[in-house]
$ cat structure20.txt   # compact mmCIF, C-alpha atoms
# COMPACT_ATOMS: atom_id res chain seq x y z
CA MET A 416 0.00 0.00 0.00
CA LEU A 417 2.74 2.48 0.97
CA ALA A 418 4.82 1.59 -2.09
CA ASP A 419 1.83 2.26 -4.34
CA ILE A 420 1.17 5.60 -2.64
CA TYR A 421 4.81 6.53 -3.22
CA LEU A 422 4.35 5.61 -6.88
CA ALA A 423 1.22 7.74 -7.12
CA LEU A 424 3.24 10.62 -5.65
CA GLY A 425 6.03 10.06 -8.20
CA ARG A 426 8.43 8.93 -5.45
CA LEU A 427 9.81 5.86 -7.22
CA GLU A 428 13.06 5.70 -5.25
CA ASP A 429 11.15 5.89 -1.94
CA ALA A 430 8.98 2.99 -3.15
CA ARG A 431 12.06 0.94 -4.00
CA THR A 432 13.80 1.69 -0.71
CA PHE A 433 10.68 0.90 1.31
CA LEU A 434 10.12 -2.41 -0.48
CA SER A 435 13.73 -3.42 -0.12
CA GLU A 436 13.52 -2.89 3.66
CA GLU A 437 10.09 -4.49 3.81
CA THR A 438 11.28 -7.59 1.95
CA ALA A 439 14.04 -8.11 4.50
CA PHE A 440 11.54 -7.60 7.34
CA ALA A 441 8.99 -9.98 5.83
CA GLU A 442 11.66 -12.61 5.26
CA ARG A 443 12.74 -12.35 8.89
CA ILE A 444 9.12 -12.63 10.07
CA SER A 445 8.66 -15.65 7.86
CA GLN A 446 11.77 -17.30 9.29
CA VAL A 447 10.53 -16.69 12.84
CA MET A 448 7.10 -18.09 11.96
CA GLN A 449 8.53 -21.18 10.23
CA ALA A 450 10.41 -21.90 13.46
CA THR A 451 7.74 -21.08 16.00
CA GLY A 452 4.36 -20.44 14.37
CA THR A 453 1.21 -22.43 13.80
CA LEU A 454 0.52 -23.83 10.34
CA HIS A 455 -1.72 -20.85 9.58
CA GLN A 456 0.94 -18.39 10.76
CA LYS A 457 3.60 -20.14 8.68
CA ARG A 458 1.47 -19.96 5.56
CA SER A 459 0.45 -16.33 6.14
CA ALA A 460 4.02 -15.21 6.77
CA MET A 461 5.35 -17.04 3.71
CA SER A 462 2.54 -15.69 1.54
CA GLY A 463 3.21 -12.14 2.77
CA TYR A 464 6.91 -12.49 2.10
CA LEU A 465 6.35 -13.81 -1.44
CA GLN A 466 3.89 -11.02 -2.23
CA ILE A 467 6.33 -8.35 -1.08
CA ARG A 468 9.17 -10.01 -2.96
CA ASP A 469 7.06 -9.98 -6.15
CA ARG A 470 6.13 -6.32 -5.68
CA THR A 471 9.79 -5.45 -5.07
CA ALA A 472 10.76 -7.11 -8.35
CA GLN A 473 7.92 -5.34 -10.20
CA ILE A 474 8.80 -1.88 -8.95
CA GLY A 475 12.47 -2.55 -9.62
CA LEU A 476 11.60 -2.96 -13.30
CA LEU A 477 9.77 0.36 -13.71
CA GLY A 478 11.63 2.77 -15.97
CA ASN A 479 14.16 0.11 -16.94
CA PRO A 480 14.57 -1.96 -20.14
CA ALA A 481 12.29 -4.99 -20.07
CA PRO A 482 14.15 -8.24 -19.39
CA GLU A 483 14.19 -10.36 -22.53
CA ILE A 484 11.82 -13.27 -22.84
CA ASP A 485 13.20 -16.50 -24.20
CA LEU A 486 10.30 -18.88 -24.63
CA ARG A 487 10.39 -21.96 -26.79
CA MET A 488 6.79 -23.08 -26.75
CA TRP A 489 4.19 -20.84 -28.39
CA LEU A 490 0.65 -22.18 -28.51
CA VAL A 491 -0.81 -19.22 -30.42
CA GLY A 492 1.18 -16.97 -32.76
CA ASN A 493 4.77 -17.16 -33.93
CA PRO A 494 7.68 -16.89 -31.47
CA VAL A 495 8.82 -13.35 -30.62
CA THR A 496 11.15 -11.57 -28.26
CA VAL A 497 10.72 -8.19 -26.56
CA ALA A 498 13.31 -6.78 -29.00
CA ASP A 499 11.24 -8.02 -31.97
CA LEU A 500 8.30 -5.97 -30.71
CA ARG A 501 10.12 -2.62 -30.45
CA GLY A 502 7.73 0.04 -31.74
CA ARG A 503 4.71 -1.77 -30.28
CA VAL A 504 3.25 -1.45 -26.76
CA VAL A 505 3.69 -4.91 -25.24
CA MET A 506 1.45 -6.29 -22.54
CA LEU A 507 2.68 -9.40 -20.76
CA GLU A 508 -0.18 -11.20 -19.05
CA PHE A 509 1.07 -13.88 -16.66
CA TRP A 510 -1.59 -16.51 -16.01
CA ALA A 511 -2.22 -20.13 -15.06
CA THR A 512 -4.95 -22.69 -15.68
CA TRP A 513 -5.70 -22.94 -11.95
CA CYS A 514 -6.08 -19.15 -11.50
CA LYS A 515 -9.76 -18.18 -11.64
CA PRO A 516 -9.22 -14.40 -11.99
CA CYS A 517 -6.89 -15.21 -14.90
CA GLN A 518 -9.69 -17.12 -16.65
CA GLU A 519 -12.01 -14.16 -16.13
CA MET A 520 -9.43 -11.90 -17.78
CA PHE A 521 -9.43 -13.74 -21.12
CA PRO A 522 -12.65 -12.25 -22.59
CA LYS A 523 -11.48 -8.76 -21.51
CA LEU A 524 -8.05 -9.33 -23.04
CA THR A 525 -9.62 -10.52 -26.29
CA SER A 526 -11.76 -7.40 -26.42
CA LEU A 527 -8.76 -5.18 -25.63
CA HIS A 528 -6.69 -6.92 -28.28
CA ASP A 529 -9.44 -6.50 -30.88
CA GLN A 530 -9.74 -2.79 -30.07
CA GLU A 531 -6.13 -1.77 -29.63
CA SER A 532 -4.07 -4.05 -31.85
CA LYS A 533 -4.38 -1.51 -34.67
CA ASN A 534 -2.99 1.14 -32.29
CA GLY A 535 0.10 -0.93 -31.59
CA LEU A 536 -0.90 -3.16 -28.65
CA GLU A 537 0.68 -6.59 -28.55
CA ILE A 538 -0.58 -8.99 -25.89
CA LEU A 539 1.54 -11.98 -24.84
CA ALA A 540 -0.21 -14.35 -22.44
CA ILE A 541 2.48 -16.29 -20.61
CA THR A 542 2.00 -19.31 -18.39
CA ARG A 543 4.39 -22.02 -17.30
CA HIS A 544 4.65 -25.63 -16.35
CA TYR A 545 3.77 -26.00 -12.69
CA MET A 546 4.41 -29.75 -12.78
CA ALA A 547 1.23 -30.14 -10.83
CA TYR A 548 0.97 -33.78 -11.82
CA GLY A 549 4.24 -35.06 -10.46
CA GLY A 550 6.94 -34.07 -12.94
CA THR A 551 6.82 -37.03 -15.32
CA LEU A 552 6.77 -36.56 -19.11
CA GLU A 553 3.24 -37.91 -19.18
CA ALA A 554 2.20 -35.44 -16.49
CA ARG A 555 3.90 -32.62 -18.34
CA ASN A 556 1.97 -33.43 -21.52
CA GLU A 557 -1.23 -33.67 -19.52
CA GLU A 558 -0.57 -30.20 -18.12
CA LEU A 559 0.18 -28.88 -21.59
CA ASN A 560 -3.09 -30.33 -22.89
CA LEU A 561 -4.96 -28.54 -20.11
CA ILE A 562 -3.27 -25.26 -21.09
CA ARG A 563 -4.18 -25.83 -24.77
CA LYS A 564 -7.77 -26.66 -23.79
CA THR A 565 -8.09 -23.48 -21.72
CA VAL A 566 -6.70 -21.33 -24.53
CA GLY A 567 -9.02 -23.03 -27.03
CA GLU A 568 -12.08 -22.56 -24.84
CA HIS A 569 -11.45 -18.84 -24.68
CA GLY A 570 -10.85 -18.55 -28.43
CA VAL A 571 -7.63 -16.63 -27.80
CA THR A 572 -6.23 -14.85 -30.86
CA PHE A 573 -3.24 -13.06 -29.27
CA ARG A 574 0.06 -14.83 -28.63
CA VAL A 575 0.23 -17.47 -25.90
CA ALA A 576 3.49 -18.98 -24.67
CA VAL A 577 4.47 -21.57 -22.07
CA ALA A 578 7.66 -21.23 -20.04
CA ASP A 579 9.55 -24.31 -18.92
CA ASP A 580 10.03 -23.09 -15.38
CA GLU A 581 9.53 -20.19 -12.95
CA ARG A 582 12.52 -18.04 -13.95
CA LEU A 583 10.67 -15.56 -16.16
CA GLN A 584 7.87 -15.18 -13.62
CA SER A 585 10.41 -14.50 -10.89
CA THR A 586 12.22 -11.93 -13.02
CA TYR A 587 8.97 -10.07 -13.61
CA GLY A 588 7.67 -10.47 -10.04
CA ALA A 589 4.82 -12.55 -11.39
CA ASN A 590 4.64 -15.49 -9.00
CA GLY A 591 1.29 -14.13 -7.81
CA LEU A 592 -1.36 -14.21 -10.54
CA PRO A 593 -2.58 -12.54 -12.58
CA THR A 594 0.29 -10.14 -13.09
CA VAL A 595 0.44 -7.66 -15.95
CA VAL A 596 3.49 -5.84 -17.29
CA LEU A 597 3.33 -3.01 -19.82
CA ILE A 598 6.36 -2.26 -21.98
CA ASP A 599 6.45 0.91 -24.06
CA ARG A 600 7.45 1.21 -27.71
CA LYS A 601 11.10 1.70 -26.73
CA GLY A 602 11.20 -1.47 -24.64
CA ILE A 603 10.95 0.24 -21.23
CA VAL A 604 8.75 -1.21 -18.46
CA ARG A 605 6.04 1.31 -17.56
CA TYR A 606 3.65 -0.74 -15.42
CA ALA A 607 3.84 -3.95 -13.42
CA GLY A 608 0.98 -5.00 -11.19
CA PRO A 609 -2.36 -6.74 -11.09
CA GLY A 610 -3.73 -5.09 -14.25
CA GLY A 611 -7.48 -5.56 -14.63
CA GLU A 612 -9.36 -2.86 -12.76
CA ASP A 613 -6.26 -1.14 -11.37
CA PRO A 614 -6.70 2.54 -12.39
CA ALA A 615 -2.92 2.90 -12.80
CA PHE A 616 -2.98 0.14 -15.40
CA ALA A 617 -5.70 1.78 -17.54
CA LYS A 618 -4.00 5.18 -17.26
CA THR A 619 -0.60 3.81 -18.24
CA LEU A 620 -1.98 1.79 -21.13
CA THR A 621 -3.81 4.80 -22.56
CA LYS A 622 -0.75 7.02 -22.14
CA TYR A 623 1.67 4.71 -23.92
CA LEU A 624 -0.71 3.65 -26.68
CA SER A 625 -1.18 7.30 -27.60
CA ALA A 626 2.58 8.04 -27.47
CA HIS A 627 4.18 7.30 -30.85
CA ASP A 628 7.72 8.67 -30.45
CA MET B 835 -8.93 2.79 19.73
CA SER B 836 -11.70 3.48 22.21
CA PRO B 837 -11.49 6.41 24.69
CA GLU B 838 -11.45 3.83 27.49
CA SER B 839 -8.18 2.33 26.30
CA THR B 840 -5.48 2.19 28.91
CA VAL B 841 -1.75 2.39 28.32
CA ALA B 842 -1.55 -1.37 28.72
CA ASP B 843 -4.06 -1.79 25.87
CA ILE B 844 -1.92 0.09 23.37
CA THR B 845 0.01 -2.77 21.88
CA PRO B 846 2.03 -2.40 18.65
CA GLN B 847 -0.79 -4.23 16.86
CA VAL B 848 -3.27 -1.57 18.01
CA LEU B 849 -0.95 1.23 16.90
CA VAL B 850 -0.34 -0.35 13.50
CA SER B 851 -4.00 -1.12 12.96
CA ALA B 852 -5.05 2.42 13.88
CA GLY B 853 -2.37 3.82 11.58
CA LEU B 854 -3.61 1.69 8.70
CA ASP B 855 -7.17 2.87 9.30
CA ARG B 856 -6.11 6.51 9.30
CA ALA B 857 -4.01 5.98 6.17
CA ALA B 858 -6.95 4.40 4.37
CA GLU B 859 -9.09 7.37 5.38
CA PHE B 860 -6.50 9.86 4.08
CA GLN B 861 -6.12 7.87 0.88
CA SER B 862 -9.87 7.88 0.27
CA GLN B 863 -9.77 11.68 0.67
CA GLY B 864 -6.93 11.95 -1.85
CA LYS B 865 -4.49 13.08 0.88
CA LEU B 866 -1.63 10.85 -0.25
CA GLU B 867 1.21 12.63 1.57
CA GLU B 868 -0.66 12.27 4.87
CA ALA B 869 -1.46 8.63 4.08
CA ALA B 870 2.21 7.97 3.33
CA ALA B 871 3.26 9.55 6.64
CA GLU B 872 0.81 7.35 8.58
CA LEU B 873 2.02 4.23 6.80
CA GLU B 874 5.66 5.11 7.40
CA GLN B 875 4.93 5.33 11.15
CA SER B 876 3.00 2.06 11.04
CA ALA B 877 5.84 0.30 9.24
CA GLN B 878 8.31 1.56 11.84
CA ALA B 879 6.06 0.36 14.67
CA ALA B 880 5.67 -3.05 13.04
CA ARG B 881 9.40 -3.45 12.45
CA ALA B 882 10.15 -2.41 16.02
CA THR B 883 8.21 -5.43 17.30
CA LEU B 884 10.74 -7.74 15.65
CA THR B 885 13.61 -5.80 17.19
CA ILE B 886 12.00 -6.10 20.61
CA SER B 887 11.21 -9.79 20.24
CA SER B 888 14.73 -10.55 18.94
CA SER B 889 16.55 -8.74 21.74
$ encode --input "structure20.txt" --output "structure tokens"
Amino acid sequence: MLADIYLALGRLEDARTFLSEETAFAERISQVMQATGTLHQKRSAMSGYLQIRDRTAQIGLLGNPAPEIDLRMWLVGNPVTVADLRGRVVMLEFWATWCKPCQEMFPKLTSLHDQESKNGLEILAITRHYMAYGGTLEARNEELNLIRKTVGEHGVTFRVAVADDERLQSTYGANGLPTVVLIDRKGIVRYAGPGGEDPAFAKTLTKYLSAHD
Amino acid sequence: MSPESTVADITPQVLVSAGLDRAAEFQSQGKLEEAAAELEQSAQAARATLTISSS
């Protein structure tokens, strides 16, 4: 909450400093809880720590060149990198099959893509293998089939990619879902957060879609 | 915090919770600087509990 207020006030460095300190504090709390807490306290403390760590990564990206994406499996659309999309406004939507709010986002994303593609918006929906079925090849294929089925059910027309592991999500602070990242036409990260109804997301998207330099 | 609160009632949790409430109120009024100040105090109070419990 405080980091977002700092951002609204244009105090980016204060937001970064606060989150850096808060991450260390949350990690310490989590360590104490893992050693002494109840199951509920352990889970709450770990969840809080991971959320703060994600937000720290997100705010660390703002104003900086977007980390490159190197994804091998594309279920919809041809493979691209962030560099390939220079000149377009890129929206990374991190999602998962088990994430209900992510499923609810698909119709909105399709509508947004239909409306704004001509203005330079490029949506990349990125999920990953969670190895929820035990890590065997058979389980991996089963998971992939579920991802394909979900994408098919939503009639997705924008690019969809599947990462092998959690590295890209960690880089973008996207372990919590859904997470949205907006990259401007020069490849600079301008927004990272929950997307959806977040007023900062809509404002940033409008601003950078209308900027053509 | 109720007017009947005694000094013994004012735990760090009460202070932090009250600070969060005031910050939310400021934020809803668009007073972001004031909200930030409240949250900074609340964060300090919360972090101090770990210092106390570790020492």
$ residues_around --input "structure20.txt" --residues "region 514-522 of chain A" --least-positions-apart "5" --cutoff "10 Å" --atoms "only C-alpha atoms" --output "list in words"
Glu508, Phe509, Leu527, His528, Ala540, Thr565, Val566, Glu568, His569, Gly570, Val571, Gly591, Leu592, Pro593, Thr594, Gly610 and Gly611 of chain A
$ write_last_selection --input "structure20.txt" --atoms "C-alpha atoms" --output "PDB file, keeping the file's coordinate frame"
ATOM      1  CA  GLU A 508      -0.180 -11.200 -19.050  1.00  0.00           C
ATOM      2  CA  PHE A 509       1.070 -13.880 -16.660  1.00  0.00           C
ATOM      3  CA  LEU A 527      -8.760  -5.180 -25.630  1.00  0.00           C
ATOM      4  CA  HIS A 528      -6.690  -6.920 -28.280  1.00  0.00           C
ATOM      5  CA  ALA A 540      -0.210 -14.350 -22.440  1.00  0.00           C
ATOM      6  CA  THR A 565      -8.090 -23.480 -21.720  1.00  0.00           C
ATOM      7  CA  VAL A 566      -6.700 -21.330 -24.530  1.00  0.00           C
ATOM      8  CA  GLU A 568     -12.080 -22.560 -24.840  1.00  0.00           C
ATOM      9  CA  HIS A 569     -11.450 -18.840 -24.680  1.00  0.00           C
ATOM     10  CA  GLY A 570     -10.850 -18.550 -28.430  1.00  0.00           C
ATOM     11  CA  VAL A 571      -7.630 -16.630 -27.800  1.00  0.00           C
ATOM     12  CA  GLY A 591       1.290 -14.130  -7.810  1.00  0.00           C
ATOM     13  CA  LEU A 592      -1.360 -14.210 -10.540  1.00  0.00           C
ATOM     14  CA  PRO A 593      -2.580 -12.540 -12.580  1.00  0.00           C
ATOM     15  CA  THR A 594       0.290 -10.140 -13.090  1.00  0.00           C
ATOM     16  CA  GLY A 610      -3.730  -5.090 -14.250  1.00  0.00           C
ATOM     17  CA  GLY A 611      -7.480  -5.560 -14.630  1.00  0.00           C
TER      18      GLY A 611
END
$ interface_residues --input "structure20.txt" --of "chain A" --to "chain B" --cutoff "9 Å" --atoms "all atoms listed in the file" --output "list in words"
Met416, Leu417, Ala418, Ile420, Tyr421, Ala423, Leu424, Phe433, Glu437, Phe440, Arg443 and Ile444 of chain A
$ atom_distance --input "structure20.txt" --atom1 "CA of Arg605 (chain A)" --atom2 "CA of Gly478 (chain A)"
6.0 Å
$ closest_residue --input "structure20.txt" --among "B:Gln878, B:Thr883, B:Glu859, B:Gly864" --to "Pro846 (chain B)" --atoms "only C-alpha atoms"
B:Thr883
$ atom_distance --input "structure20.txt" --atom1 "CA of Gly535 (chain A)" --atom2 "CA of Leu597 (chain A)"
12.4 Å
$ residues_around --input "structure20.txt" --residues "Glu442 (chain A)" --least-positions-apart "4" --cutoff "12 Å" --atoms "all atoms listed in the file" --output "PDB file with C-alpha atoms, in the coordinates of the input"
ATOM      1  CA  LEU A 434      10.120  -2.410  -0.480  1.00  0.00           C
ATOM      2  CA  SER A 435      13.730  -3.420  -0.120  1.00  0.00           C
ATOM      3  CA  GLU A 436      13.520  -2.890   3.660  1.00  0.00           C
ATOM      4  CA  GLU A 437      10.090  -4.490   3.810  1.00  0.00           C
ATOM      5  CA  THR A 438      11.280  -7.590   1.950  1.00  0.00           C
ATOM      6  CA  GLN A 446      11.770 -17.300   9.290  1.00  0.00           C
ATOM      7  CA  VAL A 447      10.530 -16.690  12.840  1.00  0.00           C
ATOM      8  CA  MET A 448       7.100 -18.090  11.960  1.00  0.00           C
ATOM      9  CA  GLN A 449       8.530 -21.180  10.230  1.00  0.00           C
ATOM     10  CA  LYS A 457       3.600 -20.140   8.680  1.00  0.00           C
ATOM     11  CA  SER A 459       0.450 -16.330   6.140  1.00  0.00           C
ATOM     12  CA  ALA A 460       4.020 -15.210   6.770  1.00  0.00           C
ATOM     13  CA  MET A 461       5.350 -17.040   3.710  1.00  0.00           C
ATOM     14  CA  SER A 462       2.540 -15.690   1.540  1.00  0.00           C
ATOM     15  CA  GLY A 463       3.210 -12.140   2.770  1.00  0.00           C
ATOM     16  CA  TYR A 464       6.910 -12.490   2.100  1.00  0.00           C
ATOM     17  CA  LEU A 465       6.350 -13.810  -1.440  1.00  0.00           C
ATOM     18  CA  GLN A 466       3.890 -11.020  -2.230  1.00  0.00           C
ATOM     19  CA  ILE A 467       6.330  -8.350  -1.080  1.00  0.00           C
ATOM     20  CA  ARG A 468       9.170 -10.010  -2.960  1.00  0.00           C
TER      21      ARG A 468
ATOM     22  CA  ARG B 881       9.400  -3.450  12.450  1.00  0.00           C
ATOM     23  CA  LEU B 884      10.740  -7.740  15.650  1.00  0.00           C
TER      24      LEU B 884
END
$ atom_distance --input "structure20.txt" --atom1 "CA of Asp613 (chain A)" --atom2 "CA of Thr572 (chain A)"
23.8 Å
$ residues_near_point --input "structure20.txt" --point "(11.4, -15.4, -11.9)" --cutoff "12 Å" --atoms "only C-alpha atoms" --output "PyMOL selection string"
chain A and resi 465+468-469+472-473+482+484+509+543+578-591
$ decode --input "structure20.txt" --residues "region 839-870 of chain B" --atoms "C-alpha atoms" --output "compact mmCIF listing (two decimals), in the first residue's frame"
# COMPACT_ATOMS: atom_id res chain seq x y z
CA SER B 839 -8.18 2.33 26.30
CA THR B 840 -5.48 2.19 28.91
CA VAL B 841 -1.75 2.39 28.32
CA ALA B 842 -1.55 -1.37 28.72
CA ASP B 843 -4.06 -1.79 25.87
CA ILE B 844 -1.92 0.09 23.37
CA THR B 845 0.01 -2.77 21.88
CA PRO B 846 2.03 -2.40 18.65
CA GLN B 847 -0.79 -4.23 16.86
CA VAL B 848 -3.27 -1.57 18.01
CA LEU B 849 -0.95 1.23 16.90
CA VAL B 850 -0.34 -0.35 13.50
CA SER B 851 -4.00 -1.12 12.96
CA ALA B 852 -5.05 2.42 13.88
CA GLY B 853 -2.37 3.82 11.58
CA LEU B 854 -3.61 1.69 8.70
CA ASP B 855 -7.17 2.87 9.30
CA ARG B 856 -6.11 6.51 9.30
CA ALA B 857 -4.01 5.98 6.17
CA ALA B 858 -6.95 4.40 4.37
CA GLU B 859 -9.09 7.37 5.38
CA PHE B 860 -6.50 9.86 4.08
CA GLN B 861 -6.12 7.87 0.88
CA SER B 862 -9.87 7.88 0.27
CA GLN B 863 -9.77 11.68 0.67
CA GLY B 864 -6.93 11.95 -1.85
CA LYS B 865 -4.49 13.08 0.88
CA LEU B 866 -1.63 10.85 -0.25
CA GLU B 867 1.21 12.63 1.57
CA GLU B 868 -0.66 12.27 4.87
CA ALA B 869 -1.46 8.63 4.08
CA ALA B 870 2.21 7.97 3.33
